[in-house]
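Okay, data.txt now, which holds compact mmCIF, C-alpha atoms:
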# COMPACT_ATOMS: atom_id res chain seq x y z
CA MET A 1227 99.70 91.93 54.65
CA LYS A 1228 101.60 94.71 56.43
CA ASN A 1229 98.44 96.13 57.96
CA GLY A 1230 97.58 92.67 59.24
CA LEU A 1231 100.97 92.39 60.95
CA ILE A 1232 100.56 95.84 62.50
CA TRP A 1233 97.13 94.92 63.84
CA PHE A 1234 98.43 91.62 65.23
CA CYS A 1235 101.27 93.38 67.07
CA ARG A 1236 98.94 96.14 68.19
CA ILE A 1237 96.37 93.78 69.70
CA ALA A 1238 98.93 91.40 71.23
CA VAL A 1239 101.00 94.16 72.85
CA GLY A 1240 97.99 96.22 73.91
CA LEU A 1241 96.15 93.35 75.58
CA LEU A 1242 99.28 91.99 77.26
CA PHE A 1243 100.21 95.39 78.66
CA ILE A 1244 96.69 95.94 79.96
CA PHE A 1245 96.59 92.46 81.50
CA SER A 1246 100.02 92.85 83.10
CA GLY A 1247 99.12 96.29 84.47
CA LEU A 1248 95.78 95.15 85.86
CA ILE A 1249 97.29 92.10 87.58
CA LYS A 1250 99.91 94.23 89.32
CA ILE A 1251 97.71 97.21 90.11
CA ASN A 1252 95.39 94.74 91.86
CA ASP A 1253 98.18 94.50 94.46
CA PRO A 1254 100.40 97.62 94.24
CA LEU A 1255 101.81 97.09 97.74
CA GLY A 1256 103.00 93.61 96.73
CA PHE A 1257 104.60 95.06 93.59
CA SER A 1258 106.29 97.74 95.71
CA TYR A 1259 107.95 94.99 97.76
CA LYS A 1260 109.38 93.65 94.50
CA LEU A 1261 110.64 97.11 93.57
CA GLU A 1262 112.36 97.37 96.94
CA GLU A 1263 114.23 94.14 96.12
CA TYR A 1264 115.52 95.77 92.94
CA PHE A 1265 116.43 98.94 94.84
CA GLU A 1266 118.52 96.83 97.19
CA VAL A 1267 120.26 95.05 94.31
CA PHE A 1268 121.19 98.36 92.64
CA HIS A 1269 122.04 100.04 95.97
CA ILE A 1270 119.39 102.73 95.63
CA THR A 1271 117.46 101.94 98.78
CA PHE A 1272 116.86 105.67 99.29
CA LEU A 1273 113.97 105.13 96.85
CA ASN A 1274 112.19 102.71 99.20
CA GLY A 1275 109.98 105.52 100.46
CA PHE A 1276 108.70 106.04 96.90
CA ALA A 1277 108.20 102.34 96.13
CA VAL A 1278 104.40 102.36 96.44
CA SER A 1279 104.03 105.52 94.34
CA LEU A 1280 106.35 104.14 91.67
CA ALA A 1281 104.48 100.82 91.71
CA ILE A 1282 101.15 102.52 91.07
CA ILE A 1283 102.65 104.76 88.36
CA LEU A 1284 104.31 101.86 86.51
CA CYS A 1285 101.18 99.69 86.66
CA ALA A 1286 98.96 102.54 85.53
CA LEU A 1287 101.39 103.36 82.72
CA GLU A 1288 101.16 99.81 81.40
CA ILE A 1289 97.36 99.98 81.35
CA ILE A 1290 97.28 103.45 79.79
CA LEU A 1291 99.82 102.67 77.05
CA GLY A 1292 98.15 99.35 76.26
CA PHE A 1293 94.73 100.97 75.97
CA ALA A 1294 96.08 103.90 73.95
CA LEU A 1295 97.71 101.48 71.52
CA LEU A 1296 94.48 99.56 71.01
CA ILE A 1297 92.43 102.66 70.20
CA GLY A 1298 95.30 104.24 68.25
CA VAL A 1299 95.43 107.54 70.09
CA ARG A 1300 98.70 109.55 70.05
CA ALA A 1301 100.47 106.73 68.24
CA LYS A 1302 103.96 108.26 68.08
CA GLN A 1303 104.13 109.11 71.80
CA VAL A 1304 102.65 105.72 72.72
CA ALA A 1305 105.18 103.88 70.52
CA TRP A 1306 108.04 105.72 72.23
CA GLY A 1307 106.55 105.01 75.65
CA LEU A 1308 106.13 101.30 74.92
CA LEU A 1309 109.66 101.00 73.56
CA LEU A 1310 111.28 102.72 76.55
CA LEU A 1311 109.18 100.75 79.03
CA ILE A 1312 109.94 97.35 77.47
CA ILE A 1313 113.67 98.15 77.28
CA PHE A 1314 113.58 99.03 80.97
CA PHE A 1315 111.69 95.83 81.88
CA SER A 1316 113.96 93.70 79.64
CA PHE A 1317 117.04 95.05 81.38
CA LEU A 1318 115.59 94.25 84.81
CA THR A 1319 114.51 90.72 83.92
CA PHE A 1320 117.84 89.94 82.18
CA TYR A 1321 119.79 91.28 85.15
CA SER A 1322 117.66 89.20 87.53
CA ALA A 1323 118.07 86.05 85.47
CA TYR A 1324 121.78 86.36 84.67
CA PHE A 1325 122.97 87.45 88.10
CA LYS A 1326 120.29 85.46 90.00
CA VAL A 1327 119.42 88.39 92.26
CA VAL A 1328 115.60 88.65 92.18
CA GLN A 1329 114.10 85.21 91.62
CA THR A 1330 110.57 86.34 90.70
CA CYS A 1331 110.17 89.53 88.72
CA GLY A 1332 106.54 90.18 89.64
CA CYS A 1333 105.60 90.76 85.97
CA PHE A 1334 102.18 89.22 86.53
CA GLY A 1335 102.10 89.66 90.30
CA ASP A 1336 101.32 86.59 92.38
CA ALA A 1337 98.70 85.43 89.88
CA ILE A 1338 101.20 83.94 87.41
CA PRO A 1339 104.65 83.51 88.97
CA LEU A 1340 107.42 83.49 86.36
CA THR A 1341 111.08 82.65 86.69
CA PRO A 1342 113.52 85.40 85.63
CA TRP A 1343 114.41 83.62 82.38
CA GLN A 1344 110.72 83.12 81.55
CA SER A 1345 110.14 86.81 82.22
CA PHE A 1346 113.09 87.81 80.07
CA SER A 1347 111.90 85.57 77.21
CA LYS A 1348 108.46 87.15 77.44
CA ASP A 1349 110.00 90.63 77.33
CA LEU A 1350 112.11 89.73 74.30
CA VAL A 1351 109.01 88.67 72.37
CA LEU A 1352 107.28 91.89 73.40
CA LEU A 1353 110.36 93.89 72.41
CA LEU A 1354 110.26 92.42 68.90
CA LEU A 1355 106.55 93.19 68.54
CA ILE A 1356 107.03 96.72 69.84
CA ILE A 1357 109.97 97.34 67.47
CA VAL A 1358 107.66 96.43 64.58
CA LEU A 1359 105.11 98.92 65.90
CA PHE A 1360 107.76 101.58 66.50
CA ILE A 1361 109.13 101.32 62.96
CA ASN A 1362 105.60 101.50 61.55
CA LYS A 1363 104.12 103.96 64.06
CA ASN A 1364 102.81 106.12 61.22
CA LEU A 1365 100.61 103.20 60.16
CA ILE A 1366 98.84 102.95 63.55
CA LYS A 1367 95.48 104.46 62.69
CA PRO A 1368 93.09 105.76 65.38
CA LEU A 1369 89.70 104.16 65.91
CA PHE A 1370 88.14 107.50 66.88
CA ASN A 1371 88.63 111.15 66.07
CA ALA A 1372 91.30 113.03 68.03
CA LYS A 1373 88.88 114.67 70.49
CA THR A 1374 87.12 111.41 71.38
CA GLY A 1375 90.44 109.57 71.57
CA ASP A 1376 91.85 112.07 74.05
CA LYS A 1377 88.73 111.81 76.21
CA LEU A 1378 89.02 108.01 76.27
CA LEU A 1379 92.72 108.29 77.08
CA LEU A 1380 91.96 110.64 79.99
CA ALA A 1381 89.32 108.22 81.25
CA SER A 1382 91.86 105.37 81.17
CA VAL A 1383 94.30 107.51 83.19
CA ILE A 1384 91.67 108.25 85.83
CA ILE A 1385 90.47 104.63 86.04
CA ALA A 1386 93.99 103.16 86.19
CA PHE A 1387 95.15 105.41 89.01
CA ALA A 1388 91.83 105.05 90.85
CA CYS A 1389 92.22 101.26 90.79
CA GLY A 1390 95.72 101.56 92.23
CA PHE A 1391 94.69 103.92 95.02
CA TYR A 1392 91.69 101.75 95.90
CA THR A 1393 93.52 98.42 96.06
CA TYR A 1394 96.35 99.97 98.04
CA ASN A 1395 93.95 101.40 100.62
CA PHE A 1396 91.38 98.58 100.77
CA LEU A 1397 93.25 95.33 99.94
CA PRO A 1398 93.49 93.62 96.51
CA ALA A 1399 90.21 93.10 94.68
CA ILE A 1400 91.33 89.51 93.96
CA ASP A 1401 93.63 87.85 96.48
CA PHE A 1402 96.09 85.48 94.77
CA LEU A 1403 98.07 84.80 97.94
CA PRO A 1404 97.80 81.61 100.04
CA TYR A 1405 96.33 83.62 102.94
CA LYS A 1406 93.18 84.56 101.04
CA VAL A 1407 89.72 84.37 102.60
CA GLY A 1408 88.57 80.75 102.72
CA ALA A 1409 92.07 79.26 102.71
CA ASN A 1410 93.00 76.78 105.42
CA LEU A 1411 96.51 77.75 106.43
CA LEU A 1412 97.38 74.37 107.90
CA ASP A 1413 96.42 72.65 104.65
CA GLU A 1414 98.45 75.18 102.67
CA MET A 1415 101.49 74.21 104.75
CA LYS A 1416 101.19 70.45 104.18
CA THR A 1417 102.95 68.22 101.68
CA PRO A 1418 100.53 65.48 100.54
CA PRO A 1419 101.62 61.82 100.77
CA GLY A 1420 103.49 60.65 97.69
CA ALA A 1421 104.32 64.15 96.49
CA GLN A 1422 107.57 64.31 94.56
CA PRO A 1423 110.33 66.32 96.26
CA ASP A 1424 112.78 68.56 94.39
CA GLU A 1425 115.31 66.58 92.37
CA TYR A 1426 118.91 67.78 92.45
CA GLU A 1427 122.00 66.85 90.46
CA ILE A 1428 125.17 66.92 92.52
CA THR A 1429 128.54 67.50 90.85
CA TYR A 1430 131.72 66.25 92.51
CA HIS A 1431 135.28 67.43 91.88
CA LEU A 1432 137.60 64.51 92.55
CA LYS A 1433 141.38 64.37 92.74
CA ASN A 1434 143.64 61.35 92.60
CA LYS A 1435 146.11 61.38 95.52
CA LYS A 1436 148.74 59.43 93.59
CA THR A 1437 148.64 60.90 90.08
CA GLY A 1438 147.12 64.30 90.77
CA ASP A 1439 144.51 63.71 88.04
CA VAL A 1440 141.22 65.58 88.39
CA LYS A 1441 137.75 64.35 87.46
CA VAL A 1442 134.39 66.11 87.45
CA MET A 1443 131.32 63.89 87.56
CA THR A 1444 127.69 63.91 88.67
CA ASN A 1445 126.41 61.90 91.62
CA LYS A 1446 124.94 59.31 89.21
CA GLU A 1447 128.26 58.90 87.41
CA TYR A 1448 130.04 58.74 90.75
CA LEU A 1449 127.91 55.78 91.81
CA SER A 1450 127.69 53.98 88.45
CA THR A 1451 131.45 53.99 87.82
CA SER A 1452 132.17 52.71 91.36
CA ILE A 1453 135.02 55.19 91.58
CA TRP A 1454 134.10 55.67 95.21
CA LYS A 1455 135.61 52.23 95.90
CA ASP A 1456 139.06 53.50 94.90
CA ASN A 1457 140.60 55.13 97.98
CA ASN A 1458 143.01 57.09 95.79
CA TRP A 1459 140.16 59.32 94.58
CA VAL A 1460 139.01 61.92 97.09
CA VAL A 1461 136.07 64.30 96.79
CA GLY A 1462 136.98 67.97 97.04
CA SER A 1463 135.12 70.52 99.11
CA ASP A 1464 133.67 72.32 96.05
CA VAL A 1465 130.57 70.13 95.68
CA GLU A 1466 127.91 71.73 93.46
CA SER A 1467 124.17 71.15 93.70
CA LYS A 1468 121.82 72.01 90.82
CA LEU A 1469 118.03 71.76 90.75
CA VAL A 1470 117.04 69.66 87.72
CA LYS A 1471 113.37 69.02 88.46
CA LYS A 1472 111.05 71.04 90.63
CA GLY A 1473 108.96 68.95 92.98
CA PHE A 1474 105.90 69.77 95.06
CA THR A 1475 106.20 72.87 97.23
CA PRO A 1476 103.49 73.83 99.75
CA LYS A 1477 102.00 77.28 99.19
CA ILE A 1478 103.10 78.32 102.68
CA VAL A 1479 106.62 77.29 103.66
CA ASP A 1480 107.92 80.14 105.78
CA LEU A 1481 105.28 80.81 108.44
CA LYS A 1482 106.60 80.15 111.95
CA ILE A 1483 104.77 81.87 114.79
CA LYS A 1484 106.86 82.09 117.97
CA ASP A 1485 106.72 83.79 121.32
CA GLY A 1486 109.44 86.02 122.76
CA GLN A 1487 111.41 82.98 123.98
CA GLY A 1488 111.37 81.33 120.55
CA THR A 1489 108.77 78.64 121.34
CA ASP A 1490 106.85 77.62 118.21
CA TYR A 1491 103.08 78.20 118.55
CA THR A 1492 102.16 77.84 114.86
CA GLN A 1493 100.28 74.56 115.19
CA GLU A 1494 98.53 75.53 118.41
CA LEU A 1495 97.28 78.87 117.13
CA LEU A 1496 96.17 77.67 113.70
CA SER A 1497 94.43 74.52 114.92
CA SER A 1498 92.17 76.28 117.44
CA PRO A 1499 88.46 75.49 116.85
CA TYR A 1500 87.48 78.93 118.14
CA TYR A 1501 87.52 82.36 116.54
CA GLN A 1502 90.84 84.18 116.88
CA LEU A 1503 91.63 87.72 115.84
CA PHE A 1504 95.08 88.17 114.31
CA ILE A 1505 96.37 91.74 114.23
CA VAL A 1506 99.32 91.80 111.82
CA ALA A 1507 101.75 94.71 112.09
CA TYR A 1508 104.92 93.54 110.41
CA ASP A 1509 106.74 96.87 110.96
CA LEU A 1510 105.89 98.74 114.16
CA LYS A 1511 107.91 101.79 113.13
CA HIS A 1512 105.61 102.45 110.18
CA THR A 1513 102.31 101.00 111.37
CA ASN A 1514 99.20 103.18 111.62
CA GLU A 1515 99.01 103.88 115.35
CA ASP A 1516 95.45 105.23 115.26
CA ALA A 1517 94.33 101.92 113.75
CA ILE A 1518 96.27 100.04 116.43
CA ASN A 1519 94.35 101.92 119.13
CA ARG A 1520 91.01 101.16 117.48
CA LEU A 1521 91.92 97.49 117.09
CA ASN A 1522 92.99 97.36 120.72
CA ALA A 1523 89.53 98.53 121.77
CA ILE A 1524 87.89 95.88 119.56
CA ALA A 1525 90.22 93.20 120.97
CA ALA A 1526 89.31 94.25 124.52
CA ASN A 1527 85.59 93.89 123.82
CA MET A 1528 86.01 90.54 122.07
CA THR A 1529 88.14 89.16 124.89
CA GLN A 1530 85.89 90.43 127.67
CA ASN A 1531 82.55 89.50 126.12
CA TYR A 1532 83.37 86.32 124.19
CA ASN A 1533 86.76 85.21 125.51
CA ILE A 1534 88.18 85.52 122.00
CA ARG A 1535 91.93 85.05 121.81
CA THR A 1536 93.55 88.03 120.08
CA ILE A 1537 97.02 87.65 118.60
CA PHE A 1538 99.36 90.53 117.80
CA LEU A 1539 101.87 89.43 115.13
CA THR A 1540 104.99 91.39 114.26
CA SER A 1541 108.48 90.90 112.85
CA ASN A 1542 110.05 93.42 115.20
CA SER A 1543 112.30 92.38 118.07
CA PRO A 1544 110.69 91.37 121.39
CA THR A 1545 112.27 94.44 123.00
CA ASP A 1546 110.69 96.82 120.48
CA ALA A 1547 107.37 94.96 120.56
CA GLU A 1548 107.16 95.06 124.37
CA ALA A 1549 107.92 98.78 124.37
CA PHE A 1550 105.24 99.31 121.72
CA SER A 1551 102.79 97.22 123.73
CA LYS A 1552 103.33 99.28 126.87
CA GLU A 1553 102.99 102.54 124.97
CA HIS A 1554 99.66 101.51 123.43
CA HIS A 1555 98.43 99.37 126.34
CA LEU A 1556 97.91 96.34 124.08
CA ILE A 1557 95.83 93.55 125.55
CA SER A 1558 96.61 91.08 122.77
CA GLU A 1559 99.20 88.33 123.15
CA ILE A 1560 102.34 89.22 121.22
CA PHE A 1561 103.87 86.69 118.86
CA TYR A 1562 106.61 86.94 116.26
CA ALA A 1563 107.10 85.81 112.68
CA ASP A 1564 109.30 86.71 109.75
CA GLY A 1565 108.29 89.83 107.85
CA VAL A 1566 107.90 88.05 104.50
CA PRO A 1567 104.90 85.84 105.43
CA LEU A 1568 103.40 88.70 107.46
CA LYS A 1569 103.47 90.93 104.37
CA SER A 1570 101.70 88.15 102.46
CA MET A 1571 99.09 87.55 105.16
CA VAL A 1572 97.44 90.90 104.61
CA ARG A 1573 98.52 93.85 102.48
CA ALA A 1574 98.23 96.39 105.28
CA ASN A 1575 100.19 97.55 108.30
CA PRO A 1576 98.29 96.81 110.42
CA GLY A 1577 95.94 94.30 108.87
CA ILE A 1578 93.36 92.06 110.53
CA LEU A 1579 92.49 88.40 109.99
CA LEU A 1580 89.66 86.49 111.63
CA ILE A 1581 90.71 82.84 111.82
CA LYS A 1582 88.91 79.69 112.96
CA ASN A 1583 90.18 76.09 112.66
CA GLY A 1584 93.11 77.48 110.67
CA THR A 1585 90.76 78.92 108.03
CA VAL A 1586 90.80 82.60 107.16
CA ILE A 1587 87.18 83.63 107.75
CA ASN A 1588 87.75 87.24 106.71
CA LYS A 1589 90.46 89.89 106.53
CA TRP A 1590 90.51 93.68 106.54
CA HIS A 1591 92.75 96.63 105.79
CA TYR A 1592 93.10 99.11 108.63
CA HIS A 1593 91.13 101.58 106.51
CA SER A 1594 88.13 99.26 106.60
CA ILE A 1595 88.19 97.96 110.17
CA PRO A 1596 84.67 96.71 110.96
CA LYS A 1597 82.98 98.03 114.06
CA TYR A 1598 82.72 95.71 117.04
CA ASP A 1599 78.93 95.52 116.66
CA VAL A 1600 79.35 94.27 113.08
CA LEU A 1601 81.87 91.61 114.13
CA GLU A 1602 79.57 90.51 116.92
CA LYS A 1603 76.53 90.25 114.68
CA GLU A 1604 78.24 88.67 111.68
CA TYR A 1605 80.48 86.21 113.49
CA LEU A 1606 80.55 86.01 117.27
CA LEU A 1607 76.82 85.51 117.82
CA LYS A 1608 76.82 82.74 115.20
CA GLN A 1609 79.70 80.67 116.57

Could you render the structure from this file as structure tokens?
Amino acid sequence: MKNGLIWFCRIAVGLLFIFSGLIKINDPLGFSYKLEEYFEVFHITFLNGFAVSLAIILCALEIILGFALLIGVRAKQVAWGLLLLIIFFSFLTFYSAYFKVVQTCGCFGDAIPLTPWQSFSKDLVLLLLIIVLFINKNLIKPLFNAKTGDKLLLASVIIAFACGFYTYNFLPAIDFLPYKVGANLLDEMKTPPGAQPDEYEITYHLKNKKTGDVKVMTNKEYLSTSIWKDNNWVVGSDVESKLVKKGFTPKIVDLKIKDGQGTDYTQELLSSPYYQLFIVAYDLKHTNEDAINRLNAIAANMTQNYNIRTIFLTSNSPTDAEAFSKEHHLISEIFYADGVPLKSMVRANPGILLIKNGTVINKWHYHSIPKYDVLEKEYLLKQ
């Protein structure tokens, strides 16, 4: 009976840790953005420069510990590692939920968004399972001899870190974001007819001018009791609004593309029936300038030979963007958008999207910029 419980905990924890690690290591840059949110909450923003490295290490550690638990190698060290890691994650998710500071923990990346309380509940269940394993760590038997187990463990270390380095340098293997290849951005921004909006409960604090009595009631109670007809009752300024039922939310809600004067060009740019090349550099201070120069040459050829409109998107100020443009002799039109959607568009700085009719035809990391001849052959000659 006890061995059965140990094996249940072992398999459940091992598989969940591997799954969680793989989901996040598929997009370590996205996970690093989440870490930066935590750094800001705890006032340790000096760690921002290490966010990507820490993201890869944490994701790899989840995979390695989960795999080591399944094969039973170095059980005592693995049990300690799992316990410390789940305590750390439980603290973060509880802090996020209780103080409402980071509204999505990133536990399963963008593949399975969880609320902070859902994340904390998941971590509590894991904590209980890991405590069972920790107390009975001497009963975790290896599936292989020590030498073979260590070799398999080393292989898992190499594979986990290799996955992280690859996806960081060449985009996620699976794109769970709304800007993935094949997605129509205009459709992702629409709310279909008849979709239910968010439902809120409003709480009023009322005071009677004559008696000084105070009442607290919801908007439904306020209307049903007809207290609003009594002029002696006045609504205070401390009105509270609480979300009681989540309605339909478009996948893209925050993308607004504007020029330097603030004119909105989102609809015009995304509804064009022609190929457009979007160069996304959300932070010009940390963008790869060599890649910018190569992309500028590609943009020049596309514009000259095929009259392709090339768009340079950034979240920097118009002053900084214009100075950057002059320094690098950019030929692309410069537009501006908030950094959050730009980071979601493509996990690279800069990154490239080829868009037609609002649909993402393809996208590239700056480490895998296609040559102009390839773009011409694969796309431009076929339009």

Can you work out which one of A:Ile1357, A:Lys1569, A:Val1351, A:Tyr1605 has the shortest atom-to-atom distance to A:Leu1310, counting only C-alpha atoms?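 For A:Leu1310, the nearest of the given residues is A:Ile1357.
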
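Proximity to A:Val1304 at 9 Å, evaluated using all atoms listed in the file and with sequence-adjacent residues fewer than 3 positions away removed, yields Leu1291, Gly1292, Ala1294, Leu1295, Gly1298, Val1299, Arg1300, Ala1301, Gly1307, Leu1308, Leu1309 and Lys1363 of chain A.
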
Which residues come within 8 Å of stretch 1244-1251 of chain A, counting only C-alpha atoms, excluding same-chain residues fewer than 5 positions away, as number ranges by chain? A: 1257, 1281-1282, 1284-1293, 1332-1335, 1337, 1389-1390, 1393

Which residues come within 9 Å of A:Asp1480, counting only C-alpha atoms, excluding same-chain residues fewer than 3 positions away, as a VMD selection string? chain A and resid 1415 1563 to 1564 1566 to 1567

Nearest to A:Ile1578: which of A:Lys1377, A:Lys1441, A:His1555, A:Arg1520 is it, counting only C-alpha atoms?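 Looking only at the distances to A:Ile1578, the closest residue turns out to be A:Arg1520.
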
Which residues are close to A:Leu1354, i.e. within 12 Å by only C-alpha atoms, leaving aside same-chain residues fewer than 3 positions away? Reply as a PyMOL selection string. chain A and resi 1235-1236+1238-1239+1308-1309+1312-1313+1316+1347-1351+1357-1361

Which value, in Å to one decimal, gives the distance between atom CA of A:Ile1297 and atom CA of A:Val1383?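 Atom-to-atom, atom CA of A:Ile1297 and atom CA of A:Val1383 are spaced 14.0 Å apart.
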
At a cut-off of 8 Å, using all atoms listed in the file, what residues contact A:Asn1514? Leave out same-chain residues fewer than 5 positions from it and give the result as a list of chain:residue names. A:Asn1575, A:Pro1576, A:Tyr1592

At what distance in Å, to one decimal, does atom CA of A:Leu1261 lie from atom CA of A:Phe1276?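 Separation between atom CA of A:Phe1276 and atom CA of A:Leu1261: 9.7 Å.
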
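Atom CA of A:Asn1531 sits 18.4 Å away from atom CA of A:Ile1505.
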
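Shortest atom-to-atom contact with A:Phe1314 among A:Lys1436, A:Leu1397, A:Leu1353, A:Gly1408: A:Leu1353, counting only C-alpha atoms.
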
At a cut-off of 12 Å from (87.4, 84.1, 123.9) in the coordinates of the file, what residues are picked up using all atoms listed in the file, written as a list in words? Ser1498, Pro1499, Tyr1500, Tyr1501, Gln1502, Leu1503, Ala1525, Ala1526, Asn1527, Met1528, Thr1529, Gln1530, Asn1531, Tyr1532, Asn1533, Ile1534, Arg1535, Thr1536, Ile1537, Ser1558, Lys1582, Leu1606 and Gln1609 of chain A

Using all atoms listed in the file for the distances, tell me which of A:Ile1356, A:Leu1580, A:Ile1524, A:Val1278 is nearest to A:Leu1242. A:Ile1356
